[in-house]
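Q: This one is work.tsv, TSV, C-alpha atoms.
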chain	number	residue	atom	x	y	z
A	13	SER	CA	114.61	71.40	-76.99
A	14	VAL	CA	113.80	74.68	-75.31
A	15	PHE	CA	111.04	73.38	-73.09
A	16	PRO	CA	111.91	71.86	-69.67
A	17	LEU	CA	109.19	69.20	-69.90
A	18	MET	CA	111.02	67.76	-72.91
A	19	MET	CA	113.97	66.93	-70.61
A	20	CYS	CA	111.76	64.67	-68.50
A	21	ALA	CA	112.48	60.96	-68.90
A	22	CYS	CA	108.77	60.20	-69.32
A	23	VAL	CA	108.69	62.43	-72.41
A	24	GLN	CA	112.02	61.15	-73.70
A	25	ARG	CA	110.66	57.59	-73.63
A	26	SER	CA	107.82	58.69	-75.92
A	27	SER	CA	107.87	58.21	-79.66
A	28	PRO	CA	109.82	60.71	-81.80
A	29	ARG	CA	106.53	61.81	-83.39
A	30	PHE	CA	105.02	62.60	-79.97
A	31	ARG	CA	108.13	64.59	-78.99
A	32	THR	CA	108.07	66.53	-82.28
A	33	ILE	CA	104.39	67.35	-81.83
A	34	GLY	CA	105.14	68.51	-78.27
A	35	ILE	CA	107.96	70.74	-79.47
A	36	TRP	CA	105.77	72.34	-82.14
A	37	CYS	CA	102.92	72.89	-79.66
A	38	GLY	CA	105.43	74.63	-77.39
A	39	TYR	CA	106.71	76.80	-80.24
A	40	CYS	CA	103.13	77.78	-81.15
A	41	LEU	CA	102.37	78.67	-77.53
A	42	VAL	CA	105.50	80.82	-77.23
A	43	ALA	CA	104.82	82.51	-80.60
A	44	THR	CA	101.22	83.30	-79.57
A	45	LEU	CA	102.35	84.79	-76.26
A	46	ALA	CA	105.04	86.83	-78.04
A	47	VAL	CA	102.53	88.29	-80.51
A	48	VAL	CA	100.06	89.20	-77.74
A	49	LEU	CA	102.72	90.80	-75.55
A	50	CYS	CA	104.40	92.67	-78.41
A	51	SER	CA	101.04	94.04	-79.56
A	52	LEU	CA	100.72	95.84	-76.20
A	53	VAL	CA	104.14	97.53	-76.40
A	54	PRO	CA	103.04	100.58	-78.49
A	55	PHE	CA	100.38	101.46	-75.90
A	56	LEU	CA	102.87	101.11	-73.05
A	57	LEU	CA	105.45	103.28	-74.81
A	58	GLU	CA	102.87	105.95	-75.62
A	59	TYR	CA	101.75	106.08	-71.97
A	60	THR	CA	105.31	106.33	-70.62
A	61	TRP	CA	106.23	109.01	-73.18
A	62	LYS	CA	103.17	111.19	-72.43
A	63	ASN	CA	103.78	110.96	-68.68
A	64	SER	CA	107.57	111.58	-68.91
A	65	MET	CA	108.38	108.18	-67.41
A	66	MET	CA	110.82	106.83	-70.04
A	67	ASP	CA	113.82	106.79	-67.65
A	68	GLU	CA	111.89	104.87	-65.01
A	69	PHE	CA	110.48	102.57	-67.68
A	70	ALA	CA	113.95	101.73	-69.02
A	71	VAL	CA	115.36	101.03	-65.55
A	72	MET	CA	112.38	98.87	-64.57
A	73	PHE	CA	112.55	97.03	-67.89
A	74	LEU	CA	116.23	96.19	-67.44
A	75	ILE	CA	115.80	95.17	-63.79
A	76	GLY	CA	112.76	93.08	-64.71
A	77	LYS	CA	114.57	91.31	-67.56
A	78	ILE	CA	117.67	90.54	-65.51
A	79	GLY	CA	115.57	89.34	-62.58
A	80	SER	CA	113.23	87.20	-64.68
A	81	TRP	CA	116.03	85.56	-66.68
A	82	SER	CA	117.95	84.85	-63.48
A	83	CYS	CA	114.92	83.34	-61.74
A	84	VAL	CA	113.87	81.24	-64.73
A	85	THR	CA	117.42	79.96	-65.19
A	86	LEU	CA	117.67	79.08	-61.51
A	87	LEU	CA	114.26	77.39	-61.60
A	88	ASN	CA	115.27	75.32	-64.66
A	89	ILE	CA	118.53	74.25	-63.01
A	90	VAL	CA	116.77	73.24	-59.79
A	91	ALA	CA	113.95	71.44	-61.63
A	92	PHE	CA	116.37	69.56	-63.88
A	93	SER	CA	118.59	68.61	-60.93
A	94	VAL	CA	115.61	67.27	-58.98
A	95	MET	CA	114.24	65.36	-61.99
A	96	TRP	CA	117.70	63.96	-62.75
A	97	ALA	CA	118.19	62.79	-59.18
A	98	LEU	CA	114.72	61.23	-58.99
A	99	GLN	CA	114.84	59.54	-62.39
A	100	GLY	CA	118.55	58.85	-62.84
A	101	GLY	CA	119.27	56.71	-59.82
A	102	ARG	CA	122.60	56.40	-58.06
A	103	LEU	CA	125.95	55.99	-59.77
A	104	ASP	CA	128.83	53.94	-58.41
A	105	MET	CA	131.86	54.64	-60.63
A	106	ALA	CA	134.16	52.26	-58.76
A	107	ALA	CA	131.81	49.34	-59.35
A	108	MET	CA	131.37	50.04	-63.08
A	109	PRO	CA	132.84	47.15	-65.09
A	110	SER	CA	134.96	47.75	-68.18
A	111	ASP	CA	135.46	45.82	-71.41
A	112	GLY	CA	139.23	45.99	-70.93
A	113	GLY	CA	139.48	48.76	-73.50
A	114	GLY	CA	138.08	51.42	-71.24
A	115	ALA	CA	134.46	51.40	-72.39
A	116	PRO	CA	131.93	50.95	-69.60
A	117	VAL	CA	129.92	47.76	-69.81
A	118	ARG	CA	126.43	47.52	-68.41
A	119	PRO	CA	125.45	44.43	-66.51
A	120	GLY	CA	124.10	41.95	-69.06
A	121	GLY	CA	125.22	44.05	-72.02
A	122	SER	CA	128.23	45.01	-74.07
A	123	PRO	CA	129.52	48.34	-75.38
A	124	SER	CA	128.85	47.34	-78.98
A	125	SER	CA	125.23	46.50	-78.24
A	126	GLY	CA	124.70	49.81	-76.47
A	127	GLY	CA	124.35	47.97	-73.19
A	128	GLY	CA	121.47	45.88	-74.45
A	129	GLY	CA	120.36	42.57	-73.05
A	130	GLY	CA	119.82	43.87	-69.57
A	131	GLY	CA	120.86	47.39	-70.45
A	132	LYS	CA	120.75	49.87	-67.66
A	133	PRO	CA	121.59	49.06	-64.05
A	134	GLU	CA	118.77	48.34	-61.65
A	135	GLY	CA	116.82	51.42	-60.65
A	136	ARG	CA	118.19	53.64	-63.42
A	137	ASN	CA	116.06	55.34	-66.08
A	138	PHE	CA	118.99	56.65	-68.12
A	139	HIS	CA	121.35	54.50	-70.13
A	140	ILE	CA	124.39	56.72	-69.53
A	141	THR	CA	125.07	59.77	-67.43
A	142	ALA	CA	127.48	62.64	-67.97
A	143	GLU	CA	129.69	61.26	-65.21
A	144	GLU	CA	129.85	57.86	-66.89
A	145	TYR	CA	130.74	59.44	-70.23
A	146	SER	CA	133.46	61.56	-68.60
A	147	TRP	CA	134.81	58.47	-66.84
A	148	TRP	CA	134.82	56.54	-70.13
A	149	ALA	CA	136.50	59.39	-72.06
A	150	GLN	CA	139.18	59.81	-69.36
A	151	THR	CA	139.82	56.05	-69.24
A	152	LEU	CA	140.11	55.94	-73.02
A	153	GLU	CA	142.51	58.92	-73.02
A	154	ASP	CA	144.62	57.27	-70.30
A	155	LYS	CA	144.73	54.02	-72.28
A	156	GLU	CA	145.79	55.83	-75.49
A	157	SER	CA	148.56	57.72	-73.68
A	158	THR	CA	149.76	54.42	-72.14
A	159	ASP	CA	149.76	52.75	-75.58
A	160	ARG	CA	151.85	55.59	-77.04
A	161	ALA	CA	154.44	55.34	-74.29
What does the file become when written as structure tokens?

A:
Amino acid sequence: SVFPLMMCACVQRSSPRFRTIGIWCGYCLVATLAVVLCSLVPFLLEYTWKNSMMDEFAVMFLIGKIGSWSCVTLLNIVAFSVMWALQGGRLDMAAMPSDGGGAPVRPGGSPSSGGGGGGKPEGRNFHITAEEYSWWAQTLEDKESTDRA
């Protein structure tokens, strides 16, 4: 999804139909804004050409694009990091139990059940984090290399 709100856990808990509708509403909004803004470009180019401002226009356009993309990217990273920290809870890798084969086991659940029957640890909105997946993949790789030896 290209829209930051779709990353929010409250939206992710919604039905697939609701998320799909939200995505299409976002696409329609972006398409409408693109059509409106692009329709103004011929007038802007005509004005800059008649007033011999094409060099300044090109420089300002490039600086504006680089600045806006940088700021939006930074804003998305900060917003996602804050939402993740607020909604994801704390992670204690040392205390994470294993099934003996390297797969993390949630309290009250099993790897085959997707951690069901109690599922996620207390205070967590996500079932697995990137750190947990990396830990699981590394543990599995270590186990496979030990089995080969």

Q: Using all atoms listed in the file, pick whichever of A:Ser157, A:Glu58, A:Val53, A:Arg31 has the shortest atom-to-atom distance to Phe73 in chain A.

A: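 Nearest candidate to Phe73 in chain A out of A:Ser157, A:Glu58, A:Val53, A:Arg31: A:Val53.
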
Q: Could you jot down the CA of Leu56 in chain A to CA of Gly76 in chain A separation for me, Å, one decimal place?

A: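 Distance reported for this atom pair: 15.2 Å.
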
Q: Give the centre and edge lengths of an axis-aligned box, in Å to one decimal, that holds all listed atoms of range 27-32 of chain A with 5 Å on each side, as JSON.

A:
{"center_x": 107.4, "center_y": 62.4, "center_z": -81.2, "size_x": 14.8, "size_y": 18.3, "size_z": 14.4}

Q: Between CA of Glu143 in chain A and CA of Trp96 in chain A, what distance in Å does the model show, to one decimal?

A: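 Separation between CA of Glu143 in chain A and CA of Trp96 in chain A: 12.5 Å.
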
Q: I'd like the interatomic distance between CA of Leu57 in chain A and CA of Phe69 in chain A, to a tenth of an Å.

A: 8.8 Å
